[in-house]
Amino acid sequence: MKPFTHMKPFIKLLPLAGLLLAFSAWAELAVIVDPSVKVNSLSIEQLQRLYLNQANRFPGGVALRPLDQHSGSGQRKAFDAHVLGMSERELAEYWSRRMFSGKGHPPATVKDDKAMIDRVITEPGDVGYIDGDSVDDRVKVILRIP
Amino acid sequence: MKIRFSRTVAASLLLFHAGILPAVENIQFNGFLTVGGAVSNDKVNTQNGNITDSIGFDEDTRVGVQISADINKRMSVTAQLLGSSDQSQSFDAKFDWGYVSYSLTENADIRGGKIKFPTFLVSEYIEVGYAYPWIRPPAEVYGSNPITAITGTDLLLRARVGGGDLLVQPYFGTANDEKALVPQEVLPQFPPQPGPGLPAGTVKFVNFDAKNMAGINVAYTGRAGTIRGGYLQTQVSASDLGITKNDDVTFWSVGGNLDWHNIIGYSEYFERDIDGAANRFFPSQKGWYATLGYRLGHFLPHITYATLEDNNSKSDPGVALQQQSVTAGLRYELGTGAALKLEAERIDPDNGTRGLLISPVDDILIYSLAVDVIF
């Protein structure tokens with residue numbers, strides 16, 4: 001631990017840097033579920049597996065269902081790039097192989113942050129992502145992606 | 001006791017009824033389309049008659065629609081309609097496959113119906129051109145098993161192993177009324193009864209049946225690609241060819257693909273062994289191919305070498321169809337969900353043989369162009 005103590009001032013500055021970034025471009029994505037869902041956090045890898053239809057049950061046996069924002073939205077682009085790490089073409093090829101061999105479909109889409117919150121709280125178990133600024137106290141955030 | 005029994009029956013009938021009415025949720029329709037033309041530089045056609053020296057669209061033109069629906073949390077139904085001009089001159093749409101899938105556990109599904117099964121890497125979506133780099137997967141390997149779907153059942157067993165996904169898939173079933181091409185060499189004796197036979201150059205398909213088909217597919221998929229292996233055994237008969245004794249066929253294959261940074265690679269190997277009367281018409285063979293490509297933005301140039309050889313060790317009357325080919329191709333992404341492909345293929349049958357062509361030739365060139373779309 002000791003060698004890192006001198007870094008503490010920098011770590012304290014990080015939220016400030018984040019705030020500065022928020023003004024320039026993307027704040028962050030928040031991955032949300034209904035507060036009744038018995039999952040408090042997911043890793044990036046678990047999220048990848050959920051969204052690529054490679055897993056649908058998570059610690060404690062909780063069944064989750066992924067939702068996307070519509071393609072072309074800033075949220076979708078940020079999610080595909082920063083969470084899945086795949087381009088639109090790579091995803092189209094991936095899903096063409098999965099779909100036409102009967103191994104699942106891409107997630108259903110909703111039209112914006114508001115619709116995502118409404119859907120997630122009416123269908124507990126649905127997972128969505130929204131702009132960090134759109135989070136309100138009706139939903140539980142299980143991962144923030146800067 | 002009586003009352004309780006009938007109540008139970010009534011209750012379960014009610015449950016059944018209630019379960020069936022609101023049943024189907026989340027119905028999905030997805031489609032794919034390939035329009036492709038091909039032409040060769042020689043009067044010698046491919047043995048299926050699809051590629052000739054005038055531009056034709058029969059080899060690479062097809063359209064499919066897949067319908068899937070969740071019946072409940074554990075059960076789903078998937079079916080695919082396919083319209084293709086291959087193997088006939090009319091554009092027929094047919095019910096290509098369809099099955100019901102039941103999730104036993106999170107990591108195990110059982111499926112029943114007519115199931116597309118994975119002899120090779122892209123076998124399960126071989127009609128979906130958008131899903132692979134070539135216009136058509138190398139014929140030297142993919143042409144070796146004409147059966148792409150079985151009527152029967154399979155198990156999909158999944159496990160997370162070392163950062164990747166392992167799939168173990170045993171299957172069992174039958175395939176009836178499959179189409180097999182009558183080799184040119186036996187046309188003079190066809191049909192098997194005494195008669196004038198068929199003239200050389202005739203493209204003739206006969207039905208055959210495969211019984212007791214049992215196989216297993218094992219695949220490991222990581223971030224950079226998939227490696228797989230499979231084994232299959234069955235018994236075939238084709239009354240039109242006088243193959244009546246359910247001759248044994250065994251088939252095994254290994255292969256892998258790579259999608260790493262900008263590098264694309266595919267390579268597969270197979271051996272098939274056919275016994276008895278069936279071997280007079282369908283030789284024991286082995287073959288392999290390797291494809292290497294490099295992605296440059298929207299372009300994917302690639303090159304493939306493929307070879308098909310005899311797999312005879314004993315006295316084997318089967319007519320060997322041996323050839324090598326080199327294919328240079330270019331895939332261009334037309335936005336998301338569409339691709340344009342160009343290919344030039346040089347086929348070299350072994351000395352004095354016809355390979356997968358209709359008659360012997362030194363070599364021929366085939367030029368192909370295709371557009372693949374998913375929707």
# chains A, B, ... in the order shown; residues from 1 in each chain; ligands from 1

$ interface_residues --of "chain B" --to "chain A" --cutoff "8 Å" --atoms "only C-alpha atoms" --output "list in words"
Gln66, Thr78, Glu106, Lys116, Glu124, Tyr125, Val128, Tyr130, Ala131, Gly335, Thr336, Gly337 and Ile374 of chain B

$ select_by_dssp --residues "stretch 17-143 of chain A" --states "helix (DSSP H, G or I)" --output "count of residues only"
53

$ atom_distance --atom1 "atom CA of B:Val77" --atom2 "atom CA of B:Ala338"
26.9 Å

$ select_by_dssp --residues "stretch 15-187 of chain B" --states "strand (DSSP E)" --output "number ranges by chain"
B: 25-40, 62-70, 75-84, 92-105, 108-116, 149-161, 164-181

$ write_last_selection --atoms "C-alpha atoms" --output "short mmCIF file (atom, residue, chain, number, x, y, z; two decimals), in the first residue's frame"
data_model
loop_
_atom_site.label_atom_id
_atom_site.label_comp_id
_atom_site.auth_asym_id
_atom_site.auth_seq_id
_atom_site.Cartn_x
_atom_site.Cartn_y
_atom_site.Cartn_z
CA GLU B 25 -44.46 -14.13 -27.22
CA ASN B 26 -41.56 -12.41 -28.86
CA ILE B 27 -41.94 -13.62 -32.45
CA GLN B 28 -38.96 -12.68 -34.60
CA PHE B 29 -38.62 -12.64 -38.38
CA ASN B 30 -35.18 -12.42 -39.93
CA GLY B 31 -34.11 -12.86 -43.49
CA PHE B 32 -31.14 -13.23 -45.75
CA LEU B 33 -30.67 -12.89 -49.46
CA THR B 34 -27.81 -13.66 -51.82
CA VAL B 35 -27.86 -12.76 -55.49
CA GLY B 36 -24.85 -14.09 -57.32
CA GLY B 37 -23.74 -14.73 -60.87
CA ALA B 38 -20.89 -16.93 -62.04
CA VAL B 39 -19.26 -17.77 -65.36
CA SER B 40 -16.42 -20.08 -66.43
CA ARG B 62 -31.17 -17.82 -52.68
CA VAL B 63 -33.42 -16.18 -50.13
CA GLY B 64 -34.36 -17.32 -46.64
CA VAL B 65 -36.70 -16.27 -43.87
CA GLN B 66 -36.28 -17.45 -40.32
CA ILE B 67 -39.13 -17.36 -37.84
CA SER B 68 -38.58 -17.88 -34.16
CA ALA B 69 -40.84 -17.56 -31.16
CA ASP B 70 -40.55 -18.09 -27.45
CA MET B 75 -39.17 -23.39 -24.78
CA SER B 76 -38.78 -21.84 -28.19
CA VAL B 77 -39.52 -22.72 -31.81
CA THR B 78 -37.33 -21.83 -34.78
CA ALA B 79 -37.97 -22.57 -38.45
CA GLN B 80 -36.44 -21.51 -41.73
CA LEU B 81 -37.90 -21.18 -45.21
CA LEU B 82 -35.43 -21.30 -48.06
CA GLY B 83 -35.89 -20.49 -51.72
CA SER B 84 -33.02 -21.53 -53.91
CA ASP B 92 -38.56 -23.42 -55.16
CA ALA B 93 -39.20 -22.28 -51.62
CA LYS B 94 -39.20 -25.04 -49.06
CA PHE B 95 -39.31 -25.56 -45.35
CA ASP B 96 -35.57 -26.15 -44.90
CA TRP B 97 -35.52 -26.92 -41.19
CA GLY B 98 -37.44 -26.27 -37.98
CA TYR B 99 -37.23 -27.43 -34.42
CA VAL B 100 -38.41 -26.91 -30.89
CA SER B 101 -35.78 -26.17 -28.27
CA TYR B 102 -36.17 -26.80 -24.56
CA SER B 103 -33.78 -25.40 -21.98
CA LEU B 104 -33.00 -28.17 -19.46
CA THR B 105 -30.65 -26.00 -17.39
CA ALA B 108 -28.07 -27.47 -21.52
CA ASP B 109 -30.68 -27.41 -24.27
CA ILE B 110 -32.41 -30.29 -25.99
CA ARG B 111 -33.77 -29.80 -29.50
CA GLY B 112 -36.09 -31.91 -31.59
CA GLY B 113 -37.36 -31.62 -35.15
CA LYS B 114 -35.43 -31.04 -38.32
CA ILE B 115 -32.10 -29.70 -37.16
CA LYS B 116 -29.30 -28.08 -39.13
CA ALA B 149 -30.12 -31.22 -41.66
CA ILE B 150 -31.31 -34.29 -39.75
CA THR B 151 -34.73 -35.24 -38.50
CA GLY B 152 -34.06 -36.14 -34.91
CA THR B 153 -32.73 -34.68 -31.74
CA ASP B 154 -29.59 -33.14 -30.32
CA LEU B 155 -28.22 -31.89 -27.02
CA LEU B 156 -26.36 -28.62 -26.63
CA LEU B 157 -24.11 -28.80 -23.57
CA ARG B 158 -22.19 -25.64 -22.77
CA ALA B 159 -19.40 -24.97 -20.30
CA ARG B 160 -17.16 -22.03 -19.53
CA VAL B 161 -13.56 -23.22 -19.85
CA GLY B 164 -13.83 -19.39 -23.64
CA ASP B 165 -16.99 -21.38 -24.30
CA LEU B 166 -16.99 -25.12 -24.85
CA LEU B 167 -19.88 -26.72 -26.70
CA VAL B 168 -20.46 -30.47 -26.76
CA GLN B 169 -23.26 -31.47 -29.11
CA PRO B 170 -24.26 -35.10 -29.60
CA TYR B 171 -27.01 -35.71 -32.17
CA PHE B 172 -29.05 -38.59 -33.50
CA GLY B 173 -31.52 -38.86 -36.33
CA THR B 174 -32.26 -39.71 -39.94
CA ALA B 175 -32.22 -37.89 -43.25
CA ASN B 176 -34.63 -39.12 -45.92
CA ASP B 177 -34.98 -38.09 -49.56
CA GLU B 178 -31.66 -36.26 -49.62
CA LYS B 179 -30.32 -35.47 -53.08
CA ALA B 180 -27.14 -37.04 -54.42
CA LEU B 181 -25.60 -36.32 -57.78
#

$ closest_residue --among "B:Thr202, B:Thr304, B:Ala370, B:Thr226" --to "B:Asp58" --atoms "only C-alpha atoms"
B:Ala370

$ residues_around --residues "stretch 136-146 of chain A" --least-positions-apart "3" --cutoff "12 Å" --atoms "only C-alpha atoms" --output "ChimeraX atom specification"
/A:14-15,17-19,21-22,25-47,75,78-84,113-114,116-133

$ atom_distance --atom1 "atom CA of B:Gln322" --atom2 "atom CA of B:Phe120"
20.0 Å

$ atom_distance --atom1 "atom CA of B:Phe281" --atom2 "atom CA of B:Ile147"
16.3 Å

$ closest_residue --among "B:Gly256, B:Gly287, B:Gly163, B:Pro138" --to "B:Gly222" --atoms "only C-alpha atoms"
B:Gly163

$ residues_around --residues "B:Ser144" --least-positions-apart "5" --cutoff "9 Å" --atoms "only C-alpha atoms" --output "PyMOL selection string"
chain B and resi 139+270-272+285-287

$ closest_residue --among "B:Phe299, B:Phe205, B:Tyr305, B:Tyr294" --to "B:Gly49" --atoms "only C-alpha atoms"
B:Phe205

$ residues_around --residues "B:Val182" --least-positions-apart "6" --cutoff "10 Å" --atoms "only C-alpha atoms" --output "NGL selection string"
:B and (47-48 or 190 or 202-207 or 240-241 or 281-282)

$ write_last_selection --atoms "C-alpha atoms" --output "CSV table (one decimal), in the first residue's frame"
chain,number,residue,atom,x,y,z
B,47,GLN,CA,-20.8,-31.3,-62.2
B,48,ASN,CA,-24.0,-29.9,-60.8
B,190,PHE,CA,-28.2,-45.7,-65.1
B,202,THR,CA,-26.5,-35.3,-67.9
B,203,VAL,CA,-27.0,-33.7,-64.5
B,204,LYS,CA,-29.0,-36.3,-62.6
B,205,PHE,CA,-29.9,-36.3,-58.9
B,206,VAL,CA,-31.3,-39.3,-57.1
B,207,ASN,CA,-32.8,-39.6,-53.6
B,240,ASP,CA,-32.5,-45.7,-57.7
B,241,LEU,CA,-28.8,-46.8,-57.6
B,281,PHE,CA,-21.0,-44.4,-56.7
B,282,PHE,CA,-19.6,-42.3,-53.8
